[in-house]
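Raw upload07.pdb, PDB, C-alpha atoms:
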ATOM      1  CA  MET A  25       1.406  16.049   2.918  1.00  0.00           C
ATOM      2  CA  CYS A  26       1.795  12.350   3.241  1.00  0.00           C
ATOM      3  CA  GLU A  27       2.192  11.209  -0.288  1.00  0.00           C
ATOM      4  CA  ALA A  28       4.874   8.628  -1.141  1.00  0.00           C
ATOM      5  CA  ASN A  29       7.098   7.688  -4.033  1.00  0.00           C
ATOM      6  CA  ALA A  30       6.256   4.490  -5.895  1.00  0.00           C
ATOM      7  CA  TYR A  31       9.089   2.217  -6.951  1.00  0.00           C
ATOM      8  CA  LEU A  32       8.913  -0.903  -9.088  1.00  0.00           C
ATOM      9  CA  ILE A  33      11.086  -3.710  -7.754  1.00  0.00           C
ATOM     10  CA  GLU A  34      12.591  -6.072 -10.326  1.00  0.00           C
ATOM     11  CA  GLY A  35      15.252  -8.286  -8.835  1.00  0.00           C
ATOM     12  CA  GLU A  36      17.874  -5.958  -7.372  1.00  0.00           C
ATOM     13  CA  ASP A  37      16.600  -2.923  -9.272  1.00  0.00           C
ATOM     14  CA  LYS A  38      14.229  -0.275  -7.988  1.00  0.00           C
ATOM     15  CA  THR A  39      12.760   2.057 -10.581  1.00  0.00           C
ATOM     16  CA  LEU A  40      10.855   5.172  -9.628  1.00  0.00           C
ATOM     17  CA  VAL A  41       7.511   5.031 -11.418  1.00  0.00           C
ATOM     18  CA  MET A  42       5.713   7.964  -9.832  1.00  0.00           C
ATOM     19  CA  GLU A  43       6.499  10.613  -7.250  1.00  0.00           C
ATOM     20  CA  SER A  44       4.080  12.109  -4.722  1.00  0.00           C
ATOM     21  CA  VAL A  45       1.561   9.301  -5.014  1.00  0.00           C
ATOM     22  CA  ASP A  46      -1.672   9.854  -3.134  1.00  0.00           C
ATOM     23  CA  SER A  47      -3.900   6.975  -4.158  1.00  0.00           C
ATOM     24  CA  VAL A  48      -3.329   3.456  -5.448  1.00  0.00           C
ATOM     25  CA  GLU A  49      -6.348   1.547  -6.685  1.00  0.00           C
ATOM     26  CA  PRO A  50      -6.577  -1.982  -8.053  1.00  0.00           C
ATOM     27  CA  GLU A  51      -7.827  -2.504 -11.586  1.00  0.00           C
ATOM     28  CA  ASP A  52      -8.344  -5.679 -13.570  1.00  0.00           C
ATOM     29  CA  ASP A  53      -4.721  -6.405 -14.390  1.00  0.00           C
ATOM     30  CA  GLY A  54      -2.744  -3.836 -12.467  1.00  0.00           C
ATOM     31  CA  LEU A  55      -2.865  -0.659 -10.424  1.00  0.00           C
ATOM     32  CA  LYS A  56      -3.971   2.883 -11.053  1.00  0.00           C
ATOM     33  CA  LEU A  57      -1.648   5.370  -9.408  1.00  0.00           C
ATOM     34  CA  MET A  58      -2.658   8.970  -8.880  1.00  0.00           C
ATOM     35  CA  ASN A  59      -0.378  11.645  -7.500  1.00  0.00           C
ATOM     36  CA  ILE A  60      -1.189  14.794  -5.561  1.00  0.00           C
ATOM     37  CA  PHE A  61      -1.147  16.775  -8.820  1.00  0.00           C
ATOM     38  CA  GLY A  62      -3.959  14.651 -10.245  1.00  0.00           C
ATOM     39  CA  GLU A  63      -1.726  12.849 -12.731  1.00  0.00           C
ATOM     40  CA  GLN A  64      -2.680   9.223 -13.317  1.00  0.00           C
ATOM     41  CA  ARG A  65      -0.710   6.234 -14.447  1.00  0.00           C
ATOM     42  CA  PHE A  66      -1.684   2.618 -14.939  1.00  0.00           C
ATOM     43  CA  ILE A  67       0.928  -0.004 -14.285  1.00  0.00           C
ATOM     44  CA  LYS A  68       0.809  -3.801 -14.557  1.00  0.00           C
ATOM     45  CA  ALA A  69       1.942  -4.396 -11.017  1.00  0.00           C
ATOM     46  CA  LYS A  70       0.750  -5.233  -7.538  1.00  0.00           C
ATOM     47  CA  ILE A  71       1.655  -3.614  -4.241  1.00  0.00           C
ATOM     48  CA  HIS A  72       4.648  -5.369  -2.726  1.00  0.00           C
ATOM     49  CA  SER A  73       5.136  -3.454   0.505  1.00  0.00           C
ATOM     50  CA  LEU A  74       4.904  -0.060   2.172  1.00  0.00           C
ATOM     51  CA  ALA A  75       7.251   2.045   4.280  1.00  0.00           C
ATOM     52  CA  LEU A  76       5.122   5.085   4.852  1.00  0.00           C
ATOM     53  CA  VAL A  77       7.218   7.054   7.307  1.00  0.00           C
ATOM     54  CA  ASP A  78       9.991   6.892   4.693  1.00  0.00           C
ATOM     55  CA  HIS A  79       7.474   7.684   1.908  1.00  0.00           C
ATOM     56  CA  TYR A  80       8.023   4.468  -0.033  1.00  0.00           C
ATOM     57  CA  ILE A  81       5.540   2.325  -1.923  1.00  0.00           C
ATOM     58  CA  TYR A  82       7.106  -0.764  -3.469  1.00  0.00           C
ATOM     59  CA  LEU A  83       5.441  -2.474  -6.426  1.00  0.00           C
ATOM     60  CA  SER A  84       6.063  -5.869  -8.019  1.00  0.00           C
ATOM     61  CA  PRO A  85       5.520  -6.385 -11.734  1.00  0.00           C
ATOM     62  CA  LEU A  86       2.640  -8.538 -12.971  1.00  0.00           C
ATOM     63  CA  GLY A  87       3.768 -10.306 -16.107  1.00  0.00           C
ATOM     64  CA  ASP A  88       5.257  -8.171 -18.906  1.00  0.00           C
ATOM     65  CA  LEU A  89       5.376  -4.430 -18.293  1.00  0.00           C
TER      66      LEU A  89
ATOM     67  CA  MET B   9       4.589  11.669  10.530  1.00  0.00           C
ATOM     68  CA  CYS B  10       3.022   9.985   7.574  1.00  0.00           C
ATOM     69  CA  GLU B  11       1.693   6.807   9.017  1.00  0.00           C
ATOM     70  CA  ALA B  12      -1.790   5.624   8.042  1.00  0.00           C
ATOM     71  CA  ASN B  13      -4.650   3.645   9.529  1.00  0.00           C
ATOM     72  CA  ALA B  14      -5.248   0.163   8.144  1.00  0.00           C
ATOM     73  CA  TYR B  15      -8.819  -0.957   7.559  1.00  0.00           C
ATOM     74  CA  LEU B  16     -10.040  -4.384   6.523  1.00  0.00           C
ATOM     75  CA  ILE B  17     -12.785  -4.210   3.915  1.00  0.00           C
ATOM     76  CA  GLU B  18     -15.402  -6.980   4.004  1.00  0.00           C
ATOM     77  CA  GLY B  19     -18.382  -6.193   1.826  1.00  0.00           C
ATOM     78  CA  GLU B  20     -19.785  -2.908   3.093  1.00  0.00           C
ATOM     79  CA  ASP B  21     -17.887  -3.070   6.372  1.00  0.00           C
ATOM     80  CA  LYS B  22     -14.586  -1.416   7.188  1.00  0.00           C
ATOM     81  CA  THR B  23     -12.876  -2.558  10.349  1.00  0.00           C
ATOM     82  CA  LEU B  24      -9.882  -0.734  11.779  1.00  0.00           C
ATOM     83  CA  VAL B  25      -7.127  -3.298  12.243  1.00  0.00           C
ATOM     84  CA  MET B  26      -4.215  -1.050  13.177  1.00  0.00           C
ATOM     85  CA  GLU B  27      -3.626   2.651  13.661  1.00  0.00           C
ATOM     86  CA  SER B  28      -0.475   4.587  12.823  1.00  0.00           C
ATOM     87  CA  VAL B  29       0.869   1.935  10.457  1.00  0.00           C
ATOM     88  CA  ASP B  30       4.343   2.582   9.173  1.00  0.00           C
ATOM     89  CA  SER B  31       5.277  -0.558   7.275  1.00  0.00           C
ATOM     90  CA  VAL B  32       3.368  -3.305   5.527  1.00  0.00           C
ATOM     91  CA  GLU B  33       5.324  -6.327   4.368  1.00  0.00           C
ATOM     92  CA  PRO B  34       4.124  -9.411   2.540  1.00  0.00           C
ATOM     93  CA  GLU B  35       4.527 -12.804   4.160  1.00  0.00           C
ATOM     94  CA  ASP B  36       3.597 -16.273   2.929  1.00  0.00           C
ATOM     95  CA  ASP B  37      -0.136 -16.056   3.479  1.00  0.00           C
ATOM     96  CA  GLY B  38      -0.791 -12.499   4.556  1.00  0.00           C
ATOM     97  CA  LEU B  39       0.732  -9.220   5.620  1.00  0.00           C
ATOM     98  CA  LYS B  40       2.855  -8.104   8.530  1.00  0.00           C
ATOM     99  CA  LEU B  41       1.790  -4.662   9.744  1.00  0.00           C
ATOM    100  CA  MET B  42       4.025  -2.583  11.978  1.00  0.00           C
ATOM    101  CA  ASN B  43       3.045   0.718  13.508  1.00  0.00           C
ATOM    102  CA  ILE B  44       5.178   3.668  14.530  1.00  0.00           C
ATOM    103  CA  PHE B  45       5.282   2.347  18.095  1.00  0.00           C
ATOM    104  CA  GLY B  46       6.943  -0.873  16.933  1.00  0.00           C
ATOM    105  CA  GLU B  47       3.855  -3.013  17.503  1.00  0.00           C
ATOM    106  CA  GLN B  48       3.416  -5.810  14.974  1.00  0.00           C
ATOM    107  CA  ARG B  49       0.392  -7.680  13.750  1.00  0.00           C
ATOM    108  CA  PHE B  50       0.009 -10.402  11.173  1.00  0.00           C
ATOM    109  CA  ILE B  51      -3.198 -10.494   9.185  1.00  0.00           C
ATOM    110  CA  LYS B  52      -4.413 -12.859   6.464  1.00  0.00           C
ATOM    111  CA  ALA B  53      -5.083 -10.136   3.959  1.00  0.00           C
ATOM    112  CA  LYS B  54      -3.684  -8.375   0.930  1.00  0.00           C
ATOM    113  CA  ILE B  55      -3.439  -4.679   0.211  1.00  0.00           C
ATOM    114  CA  HIS B  56      -6.558  -3.496  -1.578  1.00  0.00           C
ATOM    115  CA  SER B  57      -5.854   0.185  -2.092  1.00  0.00           C
ATOM    116  CA  LEU B  58      -4.221   3.267  -0.618  1.00  0.00           C
ATOM    117  CA  ALA B  59      -5.335   6.822   0.023  1.00  0.00           C
ATOM    118  CA  LEU B  60      -2.243   8.251   1.617  1.00  0.00           C
ATOM    119  CA  VAL B  61      -3.123  11.924   1.892  1.00  0.00           C
ATOM    120  CA  ASP B  62      -6.177  10.783   3.880  1.00  0.00           C
ATOM    121  CA  HIS B  63      -4.009   8.264   5.818  1.00  0.00           C
ATOM    122  CA  TYR B  64      -5.929   5.174   4.713  1.00  0.00           C
ATOM    123  CA  ILE B  65      -4.667   1.708   3.878  1.00  0.00           C
ATOM    124  CA  TYR B  66      -7.410  -0.671   2.784  1.00  0.00           C
ATOM    125  CA  LEU B  67      -6.920  -4.411   3.081  1.00  0.00           C
ATOM    126  CA  SER B  68      -8.900  -7.313   1.619  1.00  0.00           C
ATOM    127  CA  PRO B  69      -9.175 -10.592   3.498  1.00  0.00           C
ATOM    128  CA  LEU B  70      -7.435 -13.711   2.174  1.00  0.00           C
ATOM    129  CA  GLY B  71      -9.580 -16.699   3.002  1.00  0.00           C
ATOM    130  CA  ASP B  72     -10.737 -17.141   6.602  1.00  0.00           C
ATOM    131  CA  LEU B  73      -9.532 -14.538   9.100  1.00  0.00           C
TER     132      LEU B  73
END

Rewrite the coordinates I just gave you, this time as structure tokens.
Amino acid sequence: MCEANAYLIEGEDKTLVMESVDSVEPEDDGLKLMNIFGEQRFIKAKIHSLALVDHYIYLSPLGDL
Amino acid sequence: MCEANAYLIEGEDKTLVMESVDSVEPEDDGLKLMNIFGEQRFIKAKIHSLALVDHYIYLSPLGDL
């Protein structure tokens, strides 16, 4: 399986927001994350960068979280 | 390996821009894609959405390509 772990980057800090993410979809003011277990989470963030072979998705906050 | 194929979405069309993408990094006015073979490509686009288990990265154009 090729899911990845999503981290929120804030300055020097990286916070794990969801493990085993399958899909990331844009919504009006953020992103909808869904993992391979079907769990969903909305987060006010945008995609910053990807490192897929290492299973990383990096997100940047959009305004207040 | 958990690389994915990057497609540019323009209306109804999806155009493959790079196969076997490992990393996607933001730059000033677009994205730098790098595949598992070390090939790089810059594209004036932003990340639209991800479907990692299916190995898809969808990009949206930024202005003129």

Proximity to Glu11 (chain B) - best of A:Ile81, A:Ala75, A:Arg65, A:Leu86, all atoms listed in the file: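 Among A:Ile81, A:Ala75, A:Arg65, A:Leu86, it is A:Ala75 that comes nearest to Glu11 (chain B).
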
Test item: residues at most 9 Å from Asp37 (chain B), all atoms listed in the file, excluding those fewer than 4 positions along its chain, as JSON, numbers by chain: {"B": [51, 52, 53, 54, 70]}

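The gap separating CA of Ile44 (chain B) from CA of Gly54 (chain A) is 29.1 Å, in Å to one decimal.
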
Residue list for chain A near chain B as a PyMOL selection string, 8 Å, all atoms listed in the file: chain A and resi 25-28+45-50+71-77+79

Okay, now the selection with C-alpha atoms, as a PDB file, keeping the file's coordinate frame?
ATOM      1  CA  MET A  25       1.406  16.049   2.918  1.00  0.00           C
ATOM      2  CA  CYS A  26       1.795  12.350   3.241  1.00  0.00           C
ATOM      3  CA  GLU A  27       2.192  11.209  -0.288  1.00  0.00           C
ATOM      4  CA  ALA A  28       4.874   8.628  -1.141  1.00  0.00           C
ATOM      5  CA  VAL A  45       1.561   9.301  -5.014  1.00  0.00           C
ATOM      6  CA  ASP A  46      -1.672   9.854  -3.134  1.00  0.00           C
ATOM      7  CA  SER A  47      -3.900   6.975  -4.158  1.00  0.00           C
ATOM      8  CA  VAL A  48      -3.329   3.456  -5.448  1.00  0.00           C
ATOM      9  CA  GLU A  49      -6.348   1.547  -6.685  1.00  0.00           C
ATOM     10  CA  PRO A  50      -6.577  -1.982  -8.053  1.00  0.00           C
ATOM     11  CA  ILE A  71       1.655  -3.614  -4.241  1.00  0.00           C
ATOM     12  CA  HIS A  72       4.648  -5.369  -2.726  1.00  0.00           C
ATOM     13  CA  SER A  73       5.136  -3.454   0.505  1.00  0.00           C
ATOM     14  CA  LEU A  74       4.904  -0.060   2.172  1.00  0.00           C
ATOM     15  CA  ALA A  75       7.251   2.045   4.280  1.00  0.00           C
ATOM     16  CA  LEU A  76       5.122   5.085   4.852  1.00  0.00           C
ATOM     17  CA  VAL A  77       7.218   7.054   7.307  1.00  0.00           C
ATOM     18  CA  HIS A  79       7.474   7.684   1.908  1.00  0.00           C
TER      19      HIS A  79
END

Specify the axis-aligned box that encloses all atoms of region 69-72 of chain A listed in the file after padding of 3 Å on each side, stating its centre and edge lengths in Å to one decimal as AutoDock Vina command-line options.
--center_x 2.7 --center_y -4.5 --center_z -6.9 --size_x 9.9 --size_y 7.8 --size_z 14.3

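Across the structure, CA of Ile17 (chain B) and CA of Pro69 (chain B) are spaced 7.3 Å apart.
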
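Using the PyMOL selection byres ((chain A and resi 41) around 7) on this structure selects Ala30, Tyr31, Leu32, Thr39, Leu40 and Met42 of chain A.
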